[in-house]
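Containing mmCIF, C-alpha atoms: entry20.cif.
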```
data_entry
loop_
_atom_site.label_atom_id
_atom_site.label_comp_id
_atom_site.auth_asym_id
_atom_site.auth_seq_id
_atom_site.Cartn_x
_atom_site.Cartn_y
_atom_site.Cartn_z
CA MET A 84 5.71 25.16 -4.33
CA GLU A 85 5.29 24.09 -7.93
CA LEU A 86 8.17 24.30 -10.37
CA LYS A 87 6.44 27.05 -12.31
CA ASP A 88 6.61 29.24 -9.20
CA ILE A 89 10.40 28.91 -9.28
CA VAL A 90 10.69 29.39 -13.04
CA ILE A 91 8.73 32.66 -13.11
CA GLN A 92 11.19 34.12 -10.61
CA PHE A 93 13.92 33.80 -13.24
CA ILE A 94 12.16 34.32 -16.59
CA ASP A 95 9.22 36.57 -17.38
CA THR A 96 7.14 34.19 -19.47
CA ASP A 97 4.88 31.15 -19.25
CA TYR A 98 6.11 29.97 -22.64
CA TYR A 99 8.87 27.54 -21.69
CA ASP A 100 9.87 23.87 -21.61
CA LEU A 101 11.35 22.14 -18.57
CA THR A 102 13.20 18.83 -18.98
CA PRO A 103 14.76 16.83 -16.10
CA ILE A 104 18.49 16.01 -16.30
CA ASN A 105 19.10 12.90 -14.25
CA ASP A 106 22.89 12.44 -14.43
CA GLY A 107 23.70 14.21 -11.14
CA LEU A 108 23.81 12.49 -7.77
CA ILE A 109 23.40 15.49 -5.46
CA ASN A 110 21.39 18.37 -6.92
CA THR A 111 18.10 18.27 -8.83
CA THR A 112 18.65 19.62 -12.34
CA TYR A 113 16.46 20.72 -15.25
CA LEU A 114 17.02 22.10 -18.72
CA LEU A 115 14.92 25.25 -18.93
CA GLU A 116 14.10 26.59 -22.41
CA ASP A 117 12.63 30.08 -22.59
CA LYS A 118 10.74 29.65 -25.86
CA SER A 119 9.76 33.29 -26.04
CA GLN A 120 13.43 34.30 -26.27
CA GLY A 121 14.88 31.12 -27.76
CA ARG A 122 17.29 30.76 -24.82
CA LYS A 123 18.25 27.76 -22.70
CA PHE A 124 19.41 27.58 -19.08
CA ILE A 125 20.22 25.08 -16.37
CA LEU A 126 17.76 25.31 -13.47
CA GLN A 127 18.97 23.58 -10.33
CA LYS A 128 17.76 22.91 -6.82
CA ILE A 129 20.79 22.83 -4.55
CA ASN A 130 20.80 19.98 -2.07
CA ASN A 131 21.15 21.89 1.19
CA HIS A 132 21.48 18.67 3.16
CA VAL A 133 24.88 18.32 1.45
CA PHE A 134 25.65 21.99 0.87
CA LYS A 135 24.45 23.47 4.13
CA GLU A 136 25.46 26.99 3.12
CA PRO A 137 24.48 27.36 -0.54
CA GLU A 138 25.59 31.00 -0.50
CA VAL A 139 29.16 29.70 -0.16
CA ILE A 140 29.07 27.80 -3.44
CA ILE A 141 27.56 30.81 -5.22
CA ASN A 142 30.28 33.14 -3.88
CA ASN A 143 33.03 30.64 -4.74
CA HIS A 144 31.63 30.32 -8.26
CA LEU A 145 31.76 34.09 -8.75
CA LEU A 146 35.33 34.28 -7.45
CA ILE A 147 36.46 31.51 -9.80
CA ASN A 148 34.76 33.15 -12.78
CA ASP A 149 36.56 36.41 -11.98
CA LEU A 150 39.88 34.54 -11.92
CA LEU A 151 39.14 32.81 -15.22
CA ARG A 152 38.21 36.07 -16.98
CA SER A 153 41.16 38.02 -15.58
CA ASN A 154 43.57 35.33 -16.79
CA ASN A 155 42.17 35.14 -20.34
CA TYR A 156 40.67 31.68 -19.94
CA GLN A 157 39.97 30.21 -23.38
CA PHE A 158 37.04 27.91 -22.64
CA GLN A 159 33.45 28.88 -21.98
CA ILE A 160 32.57 30.06 -18.48
CA ILE A 161 29.38 28.94 -16.77
CA GLU A 162 27.62 32.03 -15.44
CA PRO A 163 25.11 32.23 -12.58
CA ILE A 164 22.00 34.05 -13.87
CA PRO A 165 20.23 36.43 -11.46
CA SER A 166 16.51 36.24 -10.85
CA LEU A 167 14.17 38.99 -11.99
CA THR A 168 14.73 40.58 -8.57
CA ASN A 169 18.52 40.31 -9.03
CA ASN A 170 19.08 37.39 -6.65
CA LEU A 171 21.41 34.51 -7.52
CA LEU A 172 19.52 32.22 -5.15
CA VAL A 173 15.77 31.95 -4.68
CA LYS A 174 14.05 29.71 -2.14
CA ASP A 175 10.88 27.71 -2.49
CA THR A 176 8.24 27.37 0.23
CA ASP A 177 10.20 24.49 1.77
CA GLY A 178 13.28 26.68 2.08
CA GLN A 179 15.12 24.80 -0.69
CA PRO A 180 17.52 27.02 -2.67
CA TRP A 181 17.34 27.26 -6.47
CA ARG A 182 19.66 28.84 -9.03
CA LEU A 183 19.88 29.41 -12.76
CA LEU A 184 23.05 28.82 -14.80
CA SER A 185 24.04 29.56 -18.36
CA PHE A 186 23.72 26.72 -20.86
CA VAL A 187 26.32 25.61 -23.40
CA GLU A 188 24.70 24.78 -26.72
CA ASN A 189 25.55 21.67 -28.77
CA SER A 190 27.49 20.08 -25.92
CA VAL A 191 27.78 16.46 -24.83
CA THR A 192 29.01 14.76 -21.67
CA PHE A 193 30.41 11.31 -20.91
CA LEU A 194 30.01 9.16 -17.83
CA THR A 195 33.17 7.25 -18.73
CA ALA A 196 36.00 8.12 -21.10
CA PRO A 197 35.18 6.74 -24.57
CA SER A 198 38.85 6.66 -25.61
CA LEU A 199 42.38 7.33 -24.38
CA GLN A 200 42.44 10.54 -26.40
CA THR A 201 39.25 11.82 -24.80
CA ALA A 202 40.60 10.99 -21.33
CA PHE A 203 43.80 12.86 -22.16
CA GLU A 204 41.81 15.88 -23.39
CA ALA A 205 39.65 15.85 -20.26
CA ALA A 206 42.68 15.70 -17.94
CA LYS A 207 44.37 18.41 -20.01
CA THR A 208 41.27 20.59 -19.70
CA PHE A 209 41.22 20.26 -15.93
CA SER A 210 44.98 20.95 -15.94
CA TYR A 211 44.37 24.20 -17.80
CA PHE A 212 41.47 25.14 -15.53
CA LEU A 213 43.52 24.51 -12.37
CA ALA A 214 46.61 26.27 -13.74
CA THR A 215 44.48 29.30 -14.62
CA ILE A 216 42.82 29.73 -11.22
CA ASN A 217 45.90 29.01 -9.11
CA THR A 218 47.57 32.40 -9.17
CA GLU A 219 50.14 33.62 -6.65
CA LYS A 220 47.52 34.93 -4.21
CA LEU A 221 44.60 32.67 -3.37
CA PRO A 222 41.20 34.35 -3.22
CA ALA A 223 38.85 34.05 -0.25
CA ILE A 224 37.44 30.65 -1.20
CA GLU A 225 35.26 29.21 1.56
CA ASP A 226 34.93 25.49 2.27
CA PRO A 227 31.56 24.25 0.93
CA LEU A 228 31.98 20.80 2.54
CA PRO A 229 33.74 20.98 5.92
CA ASN A 230 35.79 17.85 6.69
CA PHE A 231 35.22 16.43 3.21
CA LEU A 232 38.99 15.94 2.80
CA ASN A 233 39.73 15.23 6.44
CA PHE A 234 41.18 11.75 6.01
CA GLU A 235 41.78 11.32 9.73
CA LYS A 236 38.06 11.78 10.25
CA ARG A 237 37.28 9.36 7.41
CA ILE A 238 39.36 6.71 9.14
CA GLU A 239 37.80 7.47 12.51
CA ASP A 240 34.32 7.26 10.97
CA TYR A 241 35.21 3.86 9.55
CA LYS A 242 36.48 2.59 12.90
CA ASN A 243 33.30 3.75 14.61
CA ALA A 244 31.15 2.10 11.94
CA LEU A 245 33.11 -1.14 12.31
CA ARG A 246 32.69 -1.05 16.07
CA ASP A 247 28.94 -0.44 15.93
CA ALA A 248 27.97 -2.44 12.82
CA ALA A 249 25.36 -5.17 12.92
CA PRO A 250 27.01 -8.61 13.16
CA HIS A 251 25.63 -9.82 9.81
CA LEU A 252 27.09 -6.78 8.02
CA LYS A 253 30.52 -7.40 9.51
CA GLU A 254 30.30 -11.06 8.54
CA ASN A 255 29.27 -10.23 4.97
CA ALA A 256 32.17 -7.80 4.63
CA LYS A 257 34.72 -9.91 6.50
CA ALA A 258 37.22 -10.15 3.62
CA GLU A 259 36.91 -6.47 2.71
CA ILE A 260 37.33 -5.41 6.34
CA GLU A 261 40.49 -7.49 6.63
CA ILE A 262 42.05 -5.88 3.56
CA THR A 263 40.89 -2.38 4.55
CA ASN A 264 42.42 -2.76 8.01
CA ARG A 265 45.69 -3.93 6.50
CA PHE A 266 45.97 -0.65 4.57
CA LEU A 267 44.71 1.77 7.23
CA SER A 268 48.14 3.43 7.36
CA LEU A 269 48.16 4.14 3.61
CA PRO A 270 46.86 7.74 4.02
CA ASP A 271 49.33 8.53 6.84
CA GLN A 272 51.94 10.09 4.56
CA TRP A 273 49.26 12.29 2.97
CA ILE A 274 48.01 13.43 6.38
CA GLU A 275 51.55 14.18 7.54
CA MET A 276 52.42 16.13 4.38
CA GLU A 277 49.39 18.36 4.93
CA LYS A 278 50.04 18.87 8.63
CA SER A 279 53.70 19.76 8.06
CA ASN A 280 52.90 21.98 5.04
CA HIS A 281 55.19 19.94 2.79
CA ILE A 282 52.66 20.39 0.01
CA PRO A 283 51.07 23.74 -0.83
CA LYS A 284 47.43 24.64 -0.49
CA ARG A 285 45.80 25.31 -3.84
CA ILE A 286 42.34 25.83 -5.29
CA ILE A 287 41.00 22.47 -6.38
CA HIS A 288 37.88 21.43 -8.24
CA ALA A 289 37.34 18.35 -6.03
CA ASP A 290 34.96 16.62 -8.46
CA VAL A 291 37.04 16.06 -11.58
CA LYS A 292 35.04 13.21 -13.11
CA ILE A 293 34.81 13.33 -16.88
CA SER A 294 31.09 14.15 -16.77
CA ASN A 295 32.05 17.57 -15.41
CA ILE A 296 33.51 18.58 -18.75
CA LEU A 297 31.34 19.59 -21.68
CA PHE A 298 32.56 18.50 -25.13
CA ASP A 299 31.45 19.50 -28.59
CA GLN A 300 30.19 17.00 -31.14
CA GLN A 301 33.78 16.26 -32.24
CA TYR A 302 34.79 15.54 -28.63
CA HIS A 303 36.71 18.80 -28.19
CA PRO A 304 36.39 20.31 -24.68
CA LEU A 305 34.12 23.32 -24.31
CA ALA A 306 33.78 23.99 -20.58
CA VAL A 307 34.47 22.81 -17.05
CA ILE A 308 31.22 22.64 -15.09
CA ASP A 309 29.94 21.98 -11.54
CA LEU A 310 32.03 24.30 -9.38
CA ASP A 311 30.06 23.48 -6.22
CA THR A 312 32.96 21.58 -4.63
CA ILE A 313 35.63 24.22 -5.29
CA MET A 314 37.79 24.45 -2.15
CA ILE A 315 41.30 25.07 -0.88
CA SER A 316 43.26 21.85 -0.36
CA THR A 317 46.01 19.83 -2.02
CA ILE A 318 45.91 19.44 -5.79
CA LEU A 319 46.92 15.81 -5.22
CA TYR A 320 43.27 15.12 -4.49
CA ASP A 321 42.18 16.20 -7.95
CA PHE A 322 44.77 13.97 -9.60
CA GLY A 323 43.96 11.04 -7.35
CA THR A 324 40.21 11.21 -7.93
CA MET A 325 40.78 11.65 -11.65
CA ILE A 326 42.65 8.33 -11.67
CA GLN A 327 39.99 6.74 -9.45
CA SER A 328 37.31 7.82 -11.93
CA TYR A 329 38.98 7.44 -15.34
CA THR A 330 41.02 4.25 -15.07
CA ASN A 331 38.19 1.94 -13.97
CA THR A 332 37.15 -0.21 -16.94
CA THR A 333 33.92 -1.26 -15.21
CA ASN A 334 30.98 0.38 -13.52
CA GLU A 335 31.91 1.04 -9.90
CA ASP A 336 28.82 -0.95 -8.86
CA ASP A 337 30.32 -4.15 -10.29
CA GLY A 338 31.43 -6.18 -7.30
CA LYS A 339 32.55 -9.08 -9.48
CA ALA A 340 34.98 -7.02 -11.55
CA ARG A 341 38.45 -8.40 -12.14
CA ASN A 342 41.42 -6.61 -13.69
CA ASN A 343 39.42 -3.38 -13.90
CA PHE A 344 42.44 -1.04 -13.86
CA ASN A 345 43.53 0.36 -17.24
CA PRO A 346 47.25 1.29 -17.18
CA GLU A 347 47.11 3.02 -20.57
CA MET A 348 44.35 5.26 -19.25
CA TYR A 349 46.54 6.04 -16.26
CA LYS A 350 49.35 7.19 -18.55
CA ALA A 351 46.99 9.29 -20.67
CA VAL A 352 45.41 10.99 -17.65
CA LYS A 353 48.75 11.68 -15.98
CA LYS A 354 50.13 13.19 -19.17
CA GLY A 355 47.06 15.38 -19.53
CA PHE A 356 47.07 16.45 -15.88
CA LEU A 357 50.70 17.58 -16.08
CA PHE A 358 50.26 19.36 -19.43
CA TYR A 359 49.69 22.81 -17.90
CA LEU A 360 50.55 22.07 -14.27
CA GLN A 361 54.01 20.52 -14.39
CA GLU A 362 55.80 23.88 -14.15
CA LYS A 363 53.52 24.98 -11.29
CA LEU A 364 53.82 21.88 -9.11
CA THR A 365 56.52 21.50 -6.48
CA PRO A 366 58.87 18.50 -6.61
CA GLU A 367 57.00 17.03 -3.62
CA GLU A 368 53.71 17.26 -5.49
CA CYS A 369 55.12 15.69 -8.64
CA ASP A 370 56.76 12.89 -6.68
CA SER A 371 53.50 12.16 -4.83
CA LEU A 372 51.13 11.74 -7.78
CA ASP A 373 51.33 7.94 -7.94
CA TYR A 374 50.87 7.75 -4.18
CA ALA A 375 47.92 10.17 -4.33
CA ALA A 376 46.15 7.93 -6.83
CA GLN A 377 46.36 5.01 -4.39
CA VAL A 378 45.08 7.09 -1.48
CA ALA A 379 42.14 8.49 -3.47
CA ILE A 380 40.97 4.99 -4.42
CA TYR A 381 41.48 3.70 -0.90
CA ILE A 382 39.55 6.57 0.68
CA GLN A 383 36.66 6.03 -1.74
CA GLU A 384 36.66 2.32 -0.87
CA LEU A 385 36.74 3.23 2.80
CA ARG A 386 33.74 5.53 2.39
CA PHE A 387 31.71 2.85 0.62
CA LEU A 388 32.57 0.28 3.29
CA THR A 389 31.82 2.74 6.10
CA ASP A 390 28.40 3.43 4.66
CA TYR A 391 27.72 -0.28 4.22
CA LEU A 392 28.59 -0.94 7.87
CA ASN A 393 26.38 1.99 8.90
CA GLY A 394 23.41 0.43 7.12
CA SER A 395 23.80 2.40 3.84
CA THR A 396 22.51 5.76 5.02
CA TYR A 397 24.64 8.11 2.88
CA TYR A 398 24.96 6.78 -0.65
CA SER A 399 21.88 5.96 -2.67
CA THR A 400 21.57 2.18 -3.01
CA LYS A 401 19.39 -0.12 -5.11
CA TYR A 402 19.89 -3.36 -3.15
CA PRO A 403 21.28 -4.35 0.28
CA GLU A 404 24.81 -5.25 -0.88
CA HIS A 405 25.20 -2.27 -3.23
CA ASN A 406 27.82 -0.48 -1.13
CA LEU A 407 29.66 -3.74 -0.52
CA ASP A 408 29.87 -4.31 -4.28
CA ARG A 409 31.21 -0.78 -4.67
CA THR A 410 33.79 -1.56 -1.99
CA LYS A 411 34.90 -4.71 -3.81
CA ASN A 412 35.18 -2.80 -7.07
CA GLN A 413 37.44 -0.15 -5.57
CA LEU A 414 39.64 -2.77 -3.92
CA GLU A 415 40.10 -4.48 -7.27
CA LEU A 416 40.97 -1.12 -8.82
CA LEU A 417 43.51 -0.44 -6.07
CA LYS A 418 44.97 -3.89 -6.59
CA GLY A 419 45.50 -3.19 -10.29
CA LEU A 420 47.03 0.23 -9.68
CA ARG A 421 49.43 -1.05 -7.04
CA ALA A 422 50.49 -3.92 -9.27
CA TYR A 423 51.14 -1.45 -12.11
CA LEU A 424 53.18 0.79 -9.80
CA GLY A 425 55.07 -2.16 -8.37
CA ALA A 426 53.69 -1.49 -4.88
CA GLY A 427 51.84 -4.79 -4.56
CA GLY A 428 50.29 -5.91 -1.31
CA LEU A 429 46.91 -6.92 -2.70
CA GLU A 430 47.90 -9.98 -4.67
CA CYS A 431 45.92 -12.28 -2.42
CA LEU A 432 42.74 -10.24 -2.86
CA SER A 433 39.87 -12.62 -3.54
CA VAL A 434 36.50 -11.13 -2.75
#
```
Starting from the file, give its structure as structure tokens.
Amino acid sequence: MELKDIVIQFIDTDYYDLTPINDGLINTTYLLEDKSQGRKFILQKINNHVFKEPEVIINNHLLINDLLRSNNYQFQIIEPIPSLTNNLLVKDTDGQPWRLLSFVENSVTFLTAPSLQTAFEAAKTFSYFLATINTEKLPAIEDPLPNFLNFEKRIEDYKNALRDAAPHLKENAKAEIEITNRFLSLPDQWIEMEKSNHIPKRIIHADVKISNILFDQQYHPLAVIDLDTIMISTILYDFGTMIQSYTNTTNEDDGKARNNFNPEMYKAVKKGFLFYLQEKLTPEECDSLDYAAQVAIYIQELRFLTDYLNGSTYYSTKYPEHNLDRTKNQLELLKGLRAYLGAGGLECLSV
């Protein structure tokens, strides 16, 4: 099916422009401009190899929007736009699902935080978003990515990959494997807290990178976007992945990075994250934030290394050692964070 066959299911005109947006890693995204009406939209093909039940992410999106509106949310809300036959999902001839979303005019995004202030504003915006949707009674949010936050399974997947990896891959990653194995117990406390219900279940965004906030031209936040990963889990994950994303001074592909952890960025992000959430979090959650940041970085490193040992079948790669370089980068980031927190243990890291 050609793109025009998808477009005409949403807008009743042939007078439009379609421009690819290439920032995303999962879905295929276009800016759609209906020139007959002077309106713009986001047209997106949902990757149903990742999101096996696309109806779940649509339903979750609608539930979150209802929560935002009912709690007088002050930022713009991204709305799913129905097709001309009143469907929020349409499928092409290959069975791939497509959707249309509202577009925020005069907005910009960042792949990395351009300043401490912008990082603080981004974390503060996510704090407000999470505080708004986490009311006393959780709605019927379904899990769009089963086992995504199952850290026991992540560790088991790594062990299986290590057992079955080609000898040359294990040799290439010998130093990284040694360090990873030394810290295999790092997520244990997290796993135990969840099993024993010492930390509450909350609605989380689960993809809190700075590129999922739209800013205006003066770098003021306008909207939180990409609600596909909305799920029920621990809010510690959102804080941890925010630190994993924001505090890295280098591209995560840089395997030669040294001293890539920015402690001032850590302080700014933590301050922003707690801005609206501090009164909502339990003492256990507040006390676990620094630990959560370490676990989030470690789990990301573990995922990169697992994929490398599996022959790089999950993450998109541009060269054979790409995932190994990503692994090295995350280990350097973890080293810097642990040194900052006084945890140590990675001082001898030399990879």
Residues matched by the PyMOL selection byres ((chain A and resi 314) around 7), written as a short mmCIF file (atom, residue, chain, number, x, y, z; two decimals) with C-alpha atoms, in the frame of the given file:
```cif
data_model
loop_
_atom_site.label_atom_id
_atom_site.label_comp_id
_atom_site.auth_asym_id
_atom_site.auth_seq_id
_atom_site.Cartn_x
_atom_site.Cartn_y
_atom_site.Cartn_z
CA ILE A 224 37.44 30.65 -1.20
CA GLU A 225 35.26 29.21 1.56
CA ASP A 226 34.93 25.49 2.27
CA PRO A 227 31.56 24.25 0.93
CA ILE A 286 42.34 25.83 -5.29
CA ILE A 287 41.00 22.47 -6.38
CA HIS A 288 37.88 21.43 -8.24
CA THR A 312 32.96 21.58 -4.63
CA ILE A 313 35.63 24.22 -5.29
CA ILE A 315 41.30 25.07 -0.88
CA SER A 316 43.26 21.85 -0.36
#
```
* Using only C-alpha atoms, which residues sit within 8 Å of Val352 (chain A) once same-chain residues fewer than 3 positions away are excluded, as a PyMOL selection string? -> chain A and resi 202-203+205-207+325-326+329+348-349+355-356
Selection: 9 Å around region 129-134 of chain A, all atoms listed in the file, excl. self and same-chain fewer than 5 positions, as a short mmCIF file (atom, residue, chain, number, x, y, z; two decimals) with C-alpha atoms, in the coordinates of the input:
```
data_model
loop_
_atom_site.label_atom_id
_atom_site.label_comp_id
_atom_site.auth_asym_id
_atom_site.auth_seq_id
_atom_site.Cartn_x
_atom_site.Cartn_y
_atom_site.Cartn_z
CA ILE A 109 23.40 15.49 -5.46
CA ASN A 110 21.39 18.37 -6.92
CA THR A 111 18.10 18.27 -8.83
CA THR A 112 18.65 19.62 -12.34
CA VAL A 139 29.16 29.70 -0.16
CA ILE A 140 29.07 27.80 -3.44
CA GLN A 179 15.12 24.80 -0.69
CA PRO A 180 17.52 27.02 -2.67
CA TRP A 181 17.34 27.26 -6.47
CA ARG A 182 19.66 28.84 -9.03
CA PRO A 227 31.56 24.25 0.93
CA LEU A 228 31.98 20.80 2.54
CA ASP A 311 30.06 23.48 -6.22
#
```
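Interatomic distance, CA of Lys418 (chain A) against CA of Phe322 (chain A): 18.1 Å.
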* Compare A:Lys128, A:His251, A:Lys135, A:Lys363 by their minimum atom-to-atom distance to Ala214 (chain A), counting all atoms listed in the file, and give me the closest one. =>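 Ranked by minimum distance to Ala214 (chain A), first place goes to A:Lys363.
Once Asn295 (chain A) and its same-chain neighbours fewer than 5 positions away are set aside, Asp106, Gly107, Ile161, Ser190, Val191, Thr192, Phe193, Leu194, Thr195, Ala196, Ala205, Ala206, Thr208, Phe209, His288, Ala289, Asp290, Pro304, Leu305, Ala306, Val307, Ile308, Asp309, Leu310, Asp311, Thr312, Met325 and Ser328 of chain A remain within 12 Å of it when counting all atoms listed in the file.
Among A:Ala426, A:Ile94, A:Ile125, A:Ala248, the residue with the shortest atom-to-atom distance to Leu183 (chain A), counting all atoms listed in the file, is A:Ile125.
In this structure, CA of Leu252 (chain A) sits 11.1 Å away from CA of Asn406 (chain A).
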Please write as a PDB file with C-alpha atoms, in the frame of the given file the full residue list that the PyMOL selection byres ((chain A and resi 377) around 9) yields on this file.
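Done, and the output landed in out-v1.pdb:
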```pdb
ATOM      1  CA  LEU A 269      48.160   4.140   3.610  1.00  0.00           C
ATOM      2  CA  PRO A 270      46.860   7.740   4.020  1.00  0.00           C
ATOM      3  CA  GLY A 323      43.960  11.040  -7.350  1.00  0.00           C
ATOM      4  CA  ILE A 326      42.650   8.330 -11.670  1.00  0.00           C
ATOM      5  CA  GLN A 327      39.990   6.740  -9.450  1.00  0.00           C
ATOM      6  CA  LEU A 372      51.130  11.740  -7.780  1.00  0.00           C
ATOM      7  CA  ASP A 373      51.330   7.940  -7.940  1.00  0.00           C
ATOM      8  CA  TYR A 374      50.870   7.750  -4.180  1.00  0.00           C
ATOM      9  CA  ALA A 375      47.920  10.170  -4.330  1.00  0.00           C
ATOM     10  CA  ALA A 376      46.150   7.930  -6.830  1.00  0.00           C
ATOM     11  CA  VAL A 378      45.080   7.090  -1.480  1.00  0.00           C
ATOM     12  CA  ALA A 379      42.140   8.490  -3.470  1.00  0.00           C
ATOM     13  CA  ILE A 380      40.970   4.990  -4.420  1.00  0.00           C
ATOM     14  CA  TYR A 381      41.480   3.700  -0.900  1.00  0.00           C
ATOM     15  CA  ILE A 382      39.550   6.570   0.680  1.00  0.00           C
ATOM     16  CA  LEU A 417      43.510  -0.440  -6.070  1.00  0.00           C
ATOM     17  CA  LEU A 420      47.030   0.230  -9.680  1.00  0.00           C
ATOM     18  CA  ARG A 421      49.430  -1.050  -7.040  1.00  0.00           C
TER      19      ARG A 421
END
```
Exercise on region 391-404 of chain A, axis-aligned box with 5 Å per side, report centre and edge lengths in Å to one decimal, as JSON:
```
{"center_x": 24.0, "center_y": 1.4, "center_z": 1.9, "size_x": 19.2, "size_y": 23.4, "size_z": 24.0}
```
* Within 7 Å of region 338-341 of chain A, counting all atoms listed in the file, which residues qualify if same-chain residues fewer than 5 places away don't, as a list in words? -> Thr333, Asp408, Arg409, Lys411, Asn412 and Glu415 of chain A
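The two atoms in question, CA of Pro222 (chain A) and CA of Ser153 (chain A), are spaced 12.9 Å apart.
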If you keep C-alpha atoms, can you output region 161-226 of chain A as a PDB file, in the first residue's frame?
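Resulting contents of result_27.pdb:
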```pdb
ATOM      1  CA  ILE A 161      -1.435  15.184  22.282  1.00  0.00           C
ATOM      2  CA  GLU A 162      -4.714  13.899  20.864  1.00  0.00           C
ATOM      3  CA  PRO A 163      -5.257  10.796  18.713  1.00  0.00           C
ATOM      4  CA  ILE A 164      -7.184  11.867  15.592  1.00  0.00           C
ATOM      5  CA  PRO A 165      -9.827   9.452  14.239  1.00  0.00           C
ATOM      6  CA  SER A 166      -9.914   8.427  10.614  1.00  0.00           C
ATOM      7  CA  LEU A 167     -12.739   9.491   8.317  1.00  0.00           C
ATOM      8  CA  THR A 168     -14.500   6.279   9.355  1.00  0.00           C
ATOM      9  CA  ASN A 169     -13.959   7.125  13.041  1.00  0.00           C
ATOM     10  CA  ASN A 170     -11.160   4.623  13.700  1.00  0.00           C
ATOM     11  CA  LEU A 171      -8.091   5.536  15.752  1.00  0.00           C
ATOM     12  CA  LEU A 172      -6.083   2.815  14.007  1.00  0.00           C
ATOM     13  CA  VAL A 173      -6.087   1.924  10.329  1.00  0.00           C
ATOM     14  CA  LYS A 174      -4.130  -0.938   8.779  1.00  0.00           C
ATOM     15  CA  ASP A 175      -2.319  -1.081   5.483  1.00  0.00           C
ATOM     16  CA  THR A 176      -2.328  -4.086   3.155  1.00  0.00           C
ATOM     17  CA  ASP A 177       0.575  -5.603   5.108  1.00  0.00           C
ATOM     18  CA  GLY A 178      -1.426  -5.416   8.323  1.00  0.00           C
ATOM     19  CA  GLN A 179       0.743  -2.610   9.722  1.00  0.00           C
ATOM     20  CA  PRO A 180      -1.188  -0.228  12.008  1.00  0.00           C
ATOM     21  CA  TRP A 181      -1.202   3.537  11.417  1.00  0.00           C
ATOM     22  CA  ARG A 182      -2.458   6.442  13.520  1.00  0.00           C
ATOM     23  CA  LEU A 183      -2.771  10.204  13.346  1.00  0.00           C
ATOM     24  CA  LEU A 184      -1.851  12.530  16.222  1.00  0.00           C
ATOM     25  CA  SER A 185      -2.298  16.229  16.842  1.00  0.00           C
ATOM     26  CA  PHE A 186       0.672  18.467  16.077  1.00  0.00           C
ATOM     27  CA  VAL A 187       2.103  21.196  18.306  1.00  0.00           C
ATOM     28  CA  GLU A 188       3.035  24.251  16.272  1.00  0.00           C
ATOM     29  CA  ASN A 189       6.318  26.153  16.711  1.00  0.00           C
ATOM     30  CA  SER A 190       7.847  23.433  18.863  1.00  0.00           C
ATOM     31  CA  VAL A 191      11.401  22.124  19.067  1.00  0.00           C
ATOM     32  CA  THR A 192      12.976  19.004  20.551  1.00  0.00           C
ATOM     33  CA  PHE A 193      16.456  18.160  21.820  1.00  0.00           C
ATOM     34  CA  LEU A 194      18.366  14.912  21.649  1.00  0.00           C
ATOM     35  CA  THR A 195      20.540  16.017  24.580  1.00  0.00           C
ATOM     36  CA  ALA A 196      20.006  18.739  27.163  1.00  0.00           C
ATOM     37  CA  PRO A 197      21.550  21.992  25.872  1.00  0.00           C
ATOM     38  CA  SER A 198      21.931  23.416  29.399  1.00  0.00           C
ATOM     39  CA  LEU A 199      21.419  22.630  33.075  1.00  0.00           C
ATOM     40  CA  GLN A 200      18.351  24.868  33.087  1.00  0.00           C
ATOM     41  CA  THR A 201      16.764  23.022  30.176  1.00  0.00           C
ATOM     42  CA  ALA A 202      17.463  19.675  31.867  1.00  0.00           C
ATOM     43  CA  PHE A 203      15.861  20.978  35.053  1.00  0.00           C
ATOM     44  CA  GLU A 204      12.797  22.192  33.110  1.00  0.00           C
ATOM     45  CA  ALA A 205      12.487  18.849  31.328  1.00  0.00           C
ATOM     46  CA  ALA A 206      12.685  16.874  34.582  1.00  0.00           C
ATOM     47  CA  LYS A 207      10.232  19.297  36.183  1.00  0.00           C
ATOM     48  CA  THR A 208       7.837  18.808  33.269  1.00  0.00           C
ATOM     49  CA  PHE A 209       7.927  15.035  33.626  1.00  0.00           C
ATOM     50  CA  SER A 210       7.487  15.507  37.391  1.00  0.00           C
ATOM     51  CA  TYR A 211       4.328  17.516  36.769  1.00  0.00           C
ATOM     52  CA  PHE A 212       3.054  15.008  34.200  1.00  0.00           C
ATOM     53  CA  LEU A 213       3.614  12.057  36.559  1.00  0.00           C
ATOM     54  CA  ALA A 214       2.151  13.881  39.564  1.00  0.00           C
ATOM     55  CA  THR A 215      -0.953  14.732  37.527  1.00  0.00           C
ATOM     56  CA  ILE A 216      -1.702  11.211  36.296  1.00  0.00           C
ATOM     57  CA  ASN A 217      -0.922   9.399  39.545  1.00  0.00           C
ATOM     58  CA  THR A 218      -4.181   9.880  41.388  1.00  0.00           C
ATOM     59  CA  GLU A 219      -5.394   7.756  44.290  1.00  0.00           C
ATOM     60  CA  LYS A 220      -7.015   5.142  42.049  1.00  0.00           C
ATOM     61  CA  LEU A 221      -5.013   3.829  39.116  1.00  0.00           C
ATOM     62  CA  PRO A 222      -6.915   3.425  35.852  1.00  0.00           C
ATOM     63  CA  ALA A 223      -6.959   0.201  33.848  1.00  0.00           C
ATOM     64  CA  ILE A 224      -3.608   0.748  32.148  1.00  0.00           C
ATOM     65  CA  GLU A 225      -2.484  -2.325  30.214  1.00  0.00           C
ATOM     66  CA  ASP A 226       1.146  -3.325  29.750  1.00  0.00           C
TER      67      ASP A 226
END
```
